[in-house]
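Quick notes on the structure that follows.
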Amino acid sequence: MPPAQPGYTPPPGYMPPPPAAPPPGFASSEEKTWALVATFGAAVGTFISCGVFAALGPLIAYLAKGKDPGVRRFALPALNFFLPITGVALVAVVLRACSGAIVGGALDTLLYLLFSLVLLACWIGGIVFGILAGVKANQGLDYKYPFSLNLIK
């Protein structure tokens with residue numbers, strides 16, 4: 001299209017291009033952004049904190065735009081999946097830190113390793129499922145988490 005100049009008239013029958021359509025599966029690009037905040041935000045929170053802040057991304061998206069059905073469709077399942085991961089990781093961090101003070105000797109080492117494995121499982125699971133859900137959300141598709149407690153409805 002030639003630049004608009006004074007006195008320029010478009011050729012007969014010229015129609016300007018229509019506005020860009022929203023991404024597939026979303027009513028607007030803002031919905032898509034918040035859906036990605038909910039899903040990829042959970043993966044990033046898990047990566048940074050070994051699962052302690054896993055629910056932070058979905059919680060922010062749910063509180064900011066939870067009344068919007070397009071955002072709620074992605075934020076609510078992510079929140080229901082990552083809240084238990086956050087709880088388990090938080091308890092494991094506290095118990096791992098306290099295991100030496102409560103119990104001594106070989107049992108202390110065994111408990112420390114056990115809680116470390118729980119944290120590793122939370123870390124890997126949170127990252128993997130957060131990324132998988134984020135890829136599906138980017139395509140506008142729902143993701144069925146492998147286990148999810150319906151804590152928030």
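By order of appearance in the structure tokens: chains A, B, ..., then residues from 1 within every chain, and ligands from 1 in the order shown.
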
Next item on the list: Within 7 Å of segment 84-88 of chain A, counting only C-alpha atoms, which residues show up once you throw out same-chain ones fewer than 2 positions away? Write them as a PyMOL selection string, please.
Entry: chain A and resi 51-55+81-82+90-92+122

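When only C-alpha atoms are used to compute distances to Tyr112 of chain A, the closest of the residues A:Ile131, A:Met15, A:Ile152, A:Val94 turns out to be A:Val94.
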
Notebook entry, point to check: Among segment 21-78 of chain A, which residues carry a DSSP assignment of alpha helix (DSSP H), reported as number ranges by chain?
Noted result: A: 29-49, 56-65, 69-78

Checklist line | Closest of A:Gly134, A:Gly126, A:Pro58, A:Gly70 to Glu30 of chain A - atom-to-atom distances counting only C-alpha atoms | finding: A:Gly70

Margin query: Ranking A:Ile127, A:Val135, A:Asp142, A:Phe115 by minimum distance to Ile48 of chain A and counting only C-alpha atoms, which one comes first?
Written below: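 The closest residue to Ile48 of chain A is A:Ile127.
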
Item checked: Coordinates-based distance that separates atom CA of Gly140 of chain A from atom CA of Ser28 of chain A (Å, one decimal) ->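 About the pair atom CA of Ser28 of chain A and atom CA of Gly140 of chain A: they are 11.2 Å apart.
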
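Taking atom CA of Ala97 of chain A and atom CA of Phe147 of chain A as the two end points, the separation is 27.7 Å.
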
Notebook entry, point to check: In terms of the shortest atom-to-atom distance over only C-alpha atoms, which of A:Ala137, A:Ala38, A:Cys50, A:Ala101 is closest to Gly66 of chain A?
Noted result: A:Ala38

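The interatomic distance for the pair atom CA of Leu59 of chain A and atom CA of Leu119 of chain A works out to 20.9 Å.
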
Checklist line | Of the listed residues A:Pro16, A:Pro11, A:Gly130, A:Pro77, that which approaches Asn150 of chain A most closely, counting only C-alpha atoms | finding: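 Closest to Asn150 of chain A, using only C-alpha atoms: A:Pro77.
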
Next item on the list: For Asp68 of chain A, list every protein, DNA or RNA residue within 12 Å, evaluated using only C-alpha atoms, and leave out those in the same chain fewer than 6 positions away; present the list as an NGL selection string.
Entry: :A and (26-28 or 30-32 or 34-35 or 61-62 or 74-76)

Expected file contents, prior selection, C-alpha atoms, as a CSV table (one decimal), in the first residue's frame:
```csv
chain,number,residue,atom,x,y,z
A,26,PHE,CA,-9.3,-17.0,22.7
A,27,ALA,CA,-11.6,-14.0,22.5
A,28,SER,CA,-8.6,-11.6,22.6
A,30,GLU,CA,-5.1,-10.4,26.3
A,31,GLU,CA,-6.8,-13.6,27.3
A,32,LYS,CA,-4.0,-15.6,25.7
A,34,TRP,CA,-3.1,-14.3,30.9
A,35,ALA,CA,-3.5,-18.0,30.1
A,61,ALA,CA,-3.8,-14.8,36.7
A,62,TYR,CA,-6.9,-16.0,38.6
A,74,PHE,CA,-6.7,-22.1,32.1
A,75,ALA,CA,-6.0,-20.5,35.4
A,76,LEU,CA,-8.4,-22.6,37.5
```

Check: So which one's closest to Ile124 of chain A, A:Gly45, A:Lys136, A:Ile60, A:Leu79? Using only C-alpha atoms, please.
Finding: A:Gly45
